[in-house]
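Note: the block below is data-v3.csv and it holds CSV, C-alpha atoms.
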chain,number,residue,atom,x,y,z
A,1030,ASN,CA,-13.7,0.5,77.8
A,1031,ALA,CA,-11.4,1.8,80.5
A,1032,GLY,CA,-14.0,0.8,83.2
A,1033,VAL,CA,-13.6,2.8,86.4
A,1034,THR,CA,-10.7,5.2,86.7
A,1035,GLN,CA,-9.5,7.0,89.7
A,1036,THR,CA,-7.0,9.8,90.2
A,1037,PRO,CA,-4.6,10.4,91.9
A,1038,LYS,CA,-3.1,7.0,92.7
A,1039,PHE,CA,-1.4,8.2,95.8
A,1040,ARG,CA,-1.4,11.5,97.8
A,1041,ILE,CA,0.0,12.8,101.0
A,1042,LEU,CA,-1.9,15.6,102.7
A,1043,LYS,CA,-1.2,17.7,105.7
A,1044,ILE,CA,-3.7,18.0,108.4
A,1045,GLY,CA,-6.3,20.6,107.5
A,1046,GLN,CA,-5.7,20.5,103.8
A,1047,SER,CA,-8.5,19.6,101.4
A,1048,MET,CA,-8.5,17.7,98.1
A,1049,THR,CA,-10.8,16.0,95.6
A,1050,LEU,CA,-10.5,12.4,94.6
A,1051,GLN,CA,-11.7,11.9,91.0
A,1052,CYS,CA,-13.7,9.0,89.8
A,1053,THR,CA,-14.9,8.4,86.2
A,1054,GLN,CA,-16.7,5.4,84.6
A,1055,ASP,CA,-17.4,4.8,80.9
A,1056,MET,CA,-19.9,2.0,81.2
A,1057,ASN,CA,-23.0,4.2,81.4
A,1058,HIS,CA,-23.7,2.9,84.9
A,1059,ASN,CA,-26.4,4.5,86.9
A,1060,TYR,CA,-25.0,3.7,90.4
A,1061,MET,CA,-21.7,4.9,91.7
A,1062,TYR,CA,-20.1,4.4,95.2
A,1063,TRP,CA,-17.3,5.5,97.3
A,1064,TYR,CA,-15.7,3.2,99.8
A,1065,ARG,CA,-12.8,3.4,102.2
A,1066,GLN,CA,-10.7,0.5,103.2
A,1067,ASP,CA,-8.5,0.6,106.3
A,1068,PRO,CA,-5.7,-1.9,106.8
A,1069,GLY,CA,-6.9,-5.4,107.4
A,1070,MET,CA,-10.5,-4.2,107.3
A,1071,GLY,CA,-13.4,-4.6,104.9
A,1072,LEU,CA,-14.9,-1.8,102.7
A,1073,LYS,CA,-17.0,0.8,104.3
A,1074,LEU,CA,-19.4,2.8,102.2
A,1075,ILE,CA,-18.9,6.6,102.4
A,1076,TYR,CA,-21.4,7.9,99.8
A,1077,TYR,CA,-23.3,6.6,96.9
A,1078,SER,CA,-25.3,7.9,94.0
A,1079,VAL,CA,-28.2,6.3,92.0
A,1080,GLY,CA,-28.0,8.8,89.2
A,1081,ALA,CA,-26.9,12.3,88.1
A,1082,GLY,CA,-28.0,14.8,90.7
A,1083,ILE,CA,-28.8,12.2,93.3
A,1084,THR,CA,-26.5,11.3,96.2
A,1085,ASP,CA,-27.0,9.8,99.6
A,1086,LYS,CA,-24.9,9.0,102.7
A,1087,GLY,CA,-23.4,5.6,103.4
A,1088,GLU,CA,-22.1,4.2,106.6
A,1089,VAL,CA,-19.2,6.7,107.2
A,1090,PRO,CA,-19.9,10.1,105.5
A,1091,ASN,CA,-18.5,12.5,108.1
A,1092,GLY,CA,-15.7,14.6,106.7
A,1093,TYR,CA,-16.6,14.0,103.1
A,1094,ASN,CA,-18.8,15.5,100.4
A,1095,VAL,CA,-19.8,14.3,96.9
A,1096,SER,CA,-21.5,15.6,93.9
A,1097,ARG,CA,-22.8,13.9,90.7
A,1098,SER,CA,-23.4,16.3,87.9
A,1099,THR,CA,-22.9,13.8,85.2
A,1100,THR,CA,-23.5,10.1,84.8
A,1101,GLU,CA,-19.7,9.5,84.3
A,1102,ASP,CA,-18.2,11.4,87.2
A,1103,PHE,CA,-18.5,11.1,90.9
A,1104,PRO,CA,-15.8,13.1,92.8
A,1105,LEU,CA,-15.2,12.8,96.5
A,1106,ARG,CA,-14.2,15.9,98.4
A,1107,LEU,CA,-12.2,15.9,101.6
A,1108,GLU,CA,-12.4,19.1,103.6
A,1109,LEU,CA,-10.0,19.7,106.5
A,1110,ALA,CA,-8.1,16.4,106.2
A,1111,ALA,CA,-7.5,14.5,109.4
A,1112,PRO,CA,-5.2,11.5,110.2
A,1113,SER,CA,-8.3,9.3,110.6
A,1114,GLN,CA,-8.9,9.8,106.9
A,1115,THR,CA,-5.7,7.9,106.1
A,1116,SER,CA,-7.0,5.0,104.0
A,1117,VAL,CA,-7.4,3.5,100.6
A,1118,TYR,CA,-10.4,4.9,98.7
A,1119,PHE,CA,-12.2,2.9,96.1
A,1120,CYS,CA,-14.8,4.1,93.7
A,1121,ALA,CA,-17.2,1.6,92.2
A,1122,SER,CA,-20.1,1.6,89.8
A,1123,SER,CA,-22.9,-0.7,88.8
A,1124,TYR,CA,-25.6,-0.6,86.2
A,1125,GLY,CA,-28.5,-1.2,88.5
A,1126,ALA,CA,-29.5,-2.6,91.8
A,1127,GLY,CA,-32.2,-5.2,92.6
A,1128,LEU,CA,-32.0,-6.7,89.1
A,1129,ALA,CA,-30.2,-10.0,88.8
A,1130,GLY,CA,-27.1,-9.6,86.7
A,1131,GLN,CA,-27.0,-5.8,86.9
A,1132,GLU,CA,-25.8,-5.5,90.4
A,1133,THR,CA,-22.2,-6.3,89.9
A,1134,GLN,CA,-20.0,-3.5,91.3
A,1135,TYR,CA,-16.9,-2.7,89.3
A,1136,PHE,CA,-14.1,-1.2,91.3
A,1137,GLY,CA,-11.5,1.4,90.3
A,1138,PRO,CA,-7.8,0.8,91.2
A,1139,GLY,CA,-8.0,2.9,94.3
A,1140,THR,CA,-6.4,6.0,95.7
A,1141,ARG,CA,-4.0,5.7,98.7
A,1142,LEU,CA,-4.3,8.7,100.9
A,1143,LEU,CA,-1.9,9.5,103.8
A,1144,VAL,CA,-2.7,12.4,106.1
A,1145,LEU,CA,0.2,13.6,108.2
B,154,GLN,CA,-24.7,-4.4,110.7
B,155,GLN,CA,-21.6,-5.9,109.3
B,156,PRO,CA,-21.8,-9.6,108.3
B,157,VAL,CA,-19.4,-12.0,110.1
B,158,GLN,CA,-17.0,-14.0,108.0
B,159,SER,CA,-15.3,-17.2,109.1
B,160,PRO,CA,-12.5,-18.2,109.2
B,161,GLN,CA,-10.5,-15.0,109.3
B,162,ALA,CA,-7.6,-16.7,107.6
B,163,VAL,CA,-6.8,-20.1,106.0
B,164,ILE,CA,-3.7,-21.6,104.5
B,165,LEU,CA,-4.2,-24.3,101.8
B,166,ARG,CA,-1.9,-26.5,99.8
B,167,GLU,CA,-2.5,-26.5,96.1
B,168,GLY,CA,-5.4,-28.9,95.3
B,169,GLU,CA,-7.1,-28.7,98.7
B,170,ASP,CA,-10.6,-27.4,99.3
B,171,ALA,CA,-11.9,-24.5,101.4
B,172,VAL,CA,-15.2,-23.1,102.6
B,173,ILE,CA,-15.7,-19.5,103.6
B,174,ASN,CA,-18.8,-18.5,105.5
B,175,CYS,CA,-20.7,-15.2,105.7
B,176,SER,CA,-23.4,-14.9,108.3
B,177,SER,CA,-25.8,-12.1,109.0
B,178,SER,CA,-28.2,-11.4,111.9
B,179,LYS,CA,-30.5,-9.5,109.6
B,180,ALA,CA,-32.7,-10.9,106.7
B,181,LEU,CA,-30.7,-10.9,103.5
B,182,TYR,CA,-31.8,-10.0,100.1
B,183,SER,CA,-28.5,-10.8,98.3
B,184,VAL,CA,-24.9,-11.8,99.0
B,185,HIS,CA,-22.1,-10.6,96.8
B,186,TRP,CA,-18.6,-12.3,96.8
B,187,TYR,CA,-15.4,-10.5,95.9
B,188,ARG,CA,-11.8,-11.4,95.8
B,189,GLN,CA,-9.0,-8.8,96.4
B,190,LYS,CA,-5.4,-9.4,95.8
B,191,HIS,CA,-2.8,-7.5,97.8
B,192,GLY,CA,-2.6,-3.9,96.6
B,193,GLU,CA,-5.4,-4.3,94.0
B,194,ALA,CA,-9.1,-3.5,93.8
B,195,PRO,CA,-11.8,-6.1,94.7
B,196,VAL,CA,-12.9,-8.2,91.8
B,197,PHE,CA,-16.5,-9.5,91.6
B,198,LEU,CA,-17.0,-13.3,91.8
B,199,MET,CA,-20.7,-13.9,92.0
B,200,ILE,CA,-24.1,-12.7,93.4
B,201,LEU,CA,-26.6,-14.9,95.2
B,202,LEU,CA,-30.2,-13.8,95.6
B,203,LYS,CA,-32.4,-15.0,98.3
B,204,GLY,CA,-34.0,-18.2,97.4
B,205,GLY,CA,-31.3,-20.6,98.4
B,206,GLU,CA,-29.7,-20.9,94.9
B,207,GLN,CA,-26.3,-22.1,94.3
B,208,LYS,CA,-24.0,-20.7,91.7
B,209,GLY,CA,-20.7,-21.8,90.2
B,210,HIS,CA,-17.8,-20.0,88.7
B,211,GLU,CA,-15.0,-22.3,87.4
B,212,LYS,CA,-14.0,-24.2,90.6
B,213,ILE,CA,-15.5,-21.6,92.9
B,214,SER,CA,-19.2,-21.9,93.8
B,215,ALA,CA,-21.4,-20.5,96.5
B,216,SER,CA,-24.7,-21.2,98.2
B,217,PHE,CA,-27.2,-19.0,100.1
B,218,ASN,CA,-29.1,-20.5,103.0
B,219,GLU,CA,-32.1,-18.2,103.6
B,220,LYS,CA,-33.1,-20.0,106.8
B,221,LYS,CA,-29.7,-19.5,108.4
B,222,GLN,CA,-29.1,-16.1,106.7
B,223,GLN,CA,-25.8,-17.4,105.7
B,224,SER,CA,-23.8,-17.8,102.5
B,225,SER,CA,-20.9,-20.1,101.9
B,226,LEU,CA,-18.2,-19.9,99.3
B,227,TYR,CA,-16.6,-23.2,98.2
B,228,LEU,CA,-13.2,-23.3,96.6
B,229,THR,CA,-12.3,-26.7,95.2
B,230,ALA,CA,-8.9,-28.0,94.0
B,231,SER,CA,-7.4,-24.7,95.0
B,232,GLN,CA,-4.8,-23.0,92.7
B,233,LEU,CA,-2.0,-20.5,93.6
B,234,SER,CA,-4.1,-17.9,91.8
B,235,TYR,CA,-6.9,-18.3,94.4
B,236,SER,CA,-4.7,-16.5,97.0
B,237,GLY,CA,-6.2,-13.3,98.2
B,238,THR,CA,-8.7,-11.9,100.6
B,239,TYR,CA,-12.4,-12.8,100.1
B,240,PHE,CA,-15.1,-10.4,101.1
B,241,CYS,CA,-18.8,-11.0,101.2
B,242,GLY,CA,-21.1,-8.0,100.8
B,243,THR,CA,-24.6,-8.2,102.0
B,244,GLU,CA,-27.7,-6.4,100.9
B,245,TYR,CA,-30.5,-6.5,103.4
B,246,SER,CA,-34.2,-7.2,102.7
B,247,GLY,CA,-36.3,-4.1,102.8
B,248,ALA,CA,-33.4,-1.7,102.9
B,249,GLY,CA,-34.2,-0.2,99.6
B,250,SER,CA,-31.0,1.7,99.5
B,251,TYR,CA,-28.9,-0.4,97.3
B,252,GLN,CA,-26.1,-0.5,99.8
B,253,LEU,CA,-23.7,-3.3,100.4
B,254,THR,CA,-22.2,-3.9,103.8
B,255,PHE,CA,-19.0,-5.8,103.6
B,256,GLY,CA,-17.5,-8.3,106.1
B,257,LYS,CA,-13.9,-7.9,107.3
B,258,GLY,CA,-12.7,-10.5,104.9
B,259,THR,CA,-11.1,-14.0,104.9
B,260,LYS,CA,-7.4,-14.2,103.9
B,261,LEU,CA,-6.7,-17.2,101.8
B,262,SER,CA,-3.2,-18.3,101.1
B,263,VAL,CA,-2.5,-21.2,98.7
B,264,ILE,CA,1.0,-22.6,98.9
B,265,PRO,CA,2.7,-25.1,96.6

So, in terms of structure tokens, how does the structure I just supplied come out?
Amino acid sequence: NAGVTQTPKFRILKIGQSMTLQCTQDMNHNYMYWYRQDPGMGLKLIYYSVGAGITDKGEVPNGYNVSRSTTEDFPLRLELAAPSQTSVYFCASSYGAGLAGQETQYFGPGTRLLVL
Amino acid sequence: QQPVQSPQAVILREGEDAVINCSSSKALYSVHWYRQKHGEAPVFLMILLKGGEQKGHEKISASFNEKKQQSSLYLTASQLSYSGTYFCGTEYSGAGSYQLTFGKGTKLSVIP
């Protein structure tokens, strides 16, 4: 199993450009999450999904969009990139929630995004 | 509401013990602990569900005090490999949204 994979690893964007951060998991997990982590800070939830076709906003969704057409993939779309979106983005997945032992979130390696 | 972690940073010599606390002002359903090494993704350590249970993982254990809405992570006989930033993620009772809210982290440095 590859676990959770993310592409690209690093990207530089100009203000106003758009891009899609890719996330794929091969563990047949129902739940997937996108977080951003700013330097010296904790993780903030952007969007999450509890299954294919179902997504919901997290704590900081403005400026982002997501889709979940398959169980495996959960891409994050940035429209009109802004310097405030400079961050490290982590995708994570878990089998379930509310069930002991199934809530563990497995994180991908992250995408470092710099908006200039 | 973001849980509060304390201390913000701690330096230990190998073999020393440490306690990291995670406090919430809201009723907790569960607390998740993760460790993140510099430039890497967070790695899961353990989950504690409400009920005050204590869990162990090698020389790292944790407790959940439902009365205080606080979880504590105990690291005993620390090793160099324990260095990193420890985050607690909290899931609130009644939220029903499967979201984790993470604290700002506690940076642990273990020196020889």

Neighbours of point (-13.1, 2.9, 98.9) within 8 Å, using all atoms listed in the file, written as a list in words
Trp1063, Tyr1064, Arg1065, Gln1066, Leu1072, Lys1073, Leu1074, Ile1075, Val1117, Tyr1118, Phe1119, Cys1120, Ala1121 and Gly1139 of chain A

Counting all atoms listed in the file, collect the residues of chain B whose closest atom lies at most 10 Å from chain A, and write them out as number ranges by chain.
B: 154-155, 182-183, 185-187, 192-202, 238-242, 244, 249-260

So how far away is CA of Thr1049 (chain A) from CA of Leu1107 (chain A), in Å?
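Computing the Euclidean distance for CA of Leu1107 (chain A) and CA of Thr1049 (chain A) yields 6.2 Å.
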
Name the residues in contact with Ser262 (chain B) at a cut-off of 9 Å, using only C-alpha atoms, excluding same-chain residues fewer than 4 positions from it; report them as a list of chain:residue names.
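So the residues in contact are B:Ala162, B:Val163, B:Ile164, B:Leu165, B:Arg166, B:Leu233, B:Tyr235, B:Ser236, B:Gly237, B:Thr238.
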
Keeping only C-alpha atoms, write the selected residues to a file as a PDB file, in the frame of the given file.
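Okay, part-v3.pdb is ready:
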ATOM      1  CA  ALA B 162      -7.600 -16.700 107.600  1.00  0.00           C
ATOM      2  CA  VAL B 163      -6.800 -20.100 106.000  1.00  0.00           C
ATOM      3  CA  ILE B 164      -3.700 -21.600 104.500  1.00  0.00           C
ATOM      4  CA  LEU B 165      -4.200 -24.300 101.800  1.00  0.00           C
ATOM      5  CA  ARG B 166      -1.900 -26.500  99.800  1.00  0.00           C
ATOM      6  CA  LEU B 233      -2.000 -20.500  93.600  1.00  0.00           C
ATOM      7  CA  TYR B 235      -6.900 -18.300  94.400  1.00  0.00           C
ATOM      8  CA  SER B 236      -4.700 -16.500  97.000  1.00  0.00           C
ATOM      9  CA  GLY B 237      -6.200 -13.300  98.200  1.00  0.00           C
ATOM     10  CA  THR B 238      -8.700 -11.900 100.600  1.00  0.00           C
TER      11      THR B 238
END

Env of region 1081-1083 of chain A: 6 Å cut, atoms = all atoms listed in the file, seq-sep filter 2 positions within chain, self excluded. Answer as a PDB file with C-alpha atoms, keeping the file's coordinate frame.
ATOM      1  CA  SER A1078     -25.300   7.900  94.000  1.00  0.00           C
ATOM      2  CA  ARG A1097     -22.800  13.900  90.700  1.00  0.00           C
ATOM      3  CA  SER A1098     -23.400  16.300  87.900  1.00  0.00           C
ATOM      4  CA  THR A1099     -22.900  13.800  85.200  1.00  0.00           C
ATOM      5  CA  THR A1100     -23.500  10.100  84.800  1.00  0.00           C
TER       6      THR A1100
END

Could you jot down the CA of Val1144 (chain A) to CA of Thr1034 (chain A) separation for me, Å, one decimal place?
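So the answer is 22.2 Å.
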
Between CA of Thr243 (chain B) and CA of Phe217 (chain B), distance in Å (one decimal)
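Spanning CA of Thr243 (chain B) to CA of Phe217 (chain B) is a straight-line distance of 11.3 Å.
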
Within 9 Å of Ala1031 (chain A), counting all atoms listed in the file, which residues show up once you throw out same-chain ones fewer than 3 positions away? Write them as a PyMOL selection string, please.
chain A and resi 1034+1054-1056

For each of B:Ala215, B:Tyr245, B:Val184, B:Ser231, take the minimum atom-to-atom distance to Leu261 (chain B), counting only C-alpha atoms, then give the residue where this is smallest.
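The shortest atom-to-atom distance to Leu261 (chain B) comes from B:Ser231.
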
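Using all atoms listed in the file, the nearest neighbour of Val263 (chain B) within the list B:Ser177, B:Ala171, B:Ile213, B:Gln222 is B:Ala171.
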
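For the point (-9.2, 18.5, 99.3), the residues with an atom at a distance of at most 7 Å are Gln1046, Ser1047, Met1048, Thr1049, Arg1106, Leu1107 and Glu1108 of chain A, counting all atoms listed in the file.
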
Saved selection, atoms kept: C-alpha atoms, as a compact mmCIF listing (two decimals), keeping the file's coordinate frame:
# COMPACT_ATOMS: atom_id res chain seq x y z
CA GLN A 1046 -5.70 20.50 103.80
CA SER A 1047 -8.50 19.60 101.40
CA MET A 1048 -8.50 17.70 98.10
CA THR A 1049 -10.80 16.00 95.60
CA ARG A 1106 -14.20 15.90 98.40
CA LEU A 1107 -12.20 15.90 101.60
CA GLU A 1108 -12.40 19.10 103.60

Give me, as a ChimeraX atom specification, all polymer residues having an atom no more than 10 Å from Ser225 (chain B), counting only C-alpha atoms and skipping those fewer than 2 positions away in the same chain.
/B:158-159,172-176,184,186,207,214-218,223,227-228,241

Just C-alpha atoms for this one: save the residues we selected as a PDB file, in the frame of the given file.
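selection22.pdb written:
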ATOM      1  CA  GLN B 158     -17.000 -14.000 108.000  1.00  0.00           C
ATOM      2  CA  SER B 159     -15.300 -17.200 109.100  1.00  0.00           C
ATOM      3  CA  VAL B 172     -15.200 -23.100 102.600  1.00  0.00           C
ATOM      4  CA  ILE B 173     -15.700 -19.500 103.600  1.00  0.00           C
ATOM      5  CA  ASN B 174     -18.800 -18.500 105.500  1.00  0.00           C
ATOM      6  CA  CYS B 175     -20.700 -15.200 105.700  1.00  0.00           C
ATOM      7  CA  SER B 176     -23.400 -14.900 108.300  1.00  0.00           C
ATOM      8  CA  VAL B 184     -24.900 -11.800  99.000  1.00  0.00           C
ATOM      9  CA  TRP B 186     -18.600 -12.300  96.800  1.00  0.00           C
ATOM     10  CA  GLN B 207     -26.300 -22.100  94.300  1.00  0.00           C
ATOM     11  CA  SER B 214     -19.200 -21.900  93.800  1.00  0.00           C
ATOM     12  CA  ALA B 215     -21.400 -20.500  96.500  1.00  0.00           C
ATOM     13  CA  SER B 216     -24.700 -21.200  98.200  1.00  0.00           C
ATOM     14  CA  PHE B 217     -27.200 -19.000 100.100  1.00  0.00           C
ATOM     15  CA  ASN B 218     -29.100 -20.500 103.000  1.00  0.00           C
ATOM     16  CA  GLN B 223     -25.800 -17.400 105.700  1.00  0.00           C
ATOM     17  CA  TYR B 227     -16.600 -23.200  98.200  1.00  0.00           C
ATOM     18  CA  LEU B 228     -13.200 -23.300  96.600  1.00  0.00           C
ATOM     19  CA  CYS B 241     -18.800 -11.000 101.200  1.00  0.00           C
TER      20      CYS B 241
END

Tell me which of A:Leu1145, A:Met1061, A:Val1033, A:Ile1044 sits closest to Phe1103 (chain A), counting only C-alpha atoms.
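With only C-alpha atoms as the atom set, the closest residue is A:Met1061.
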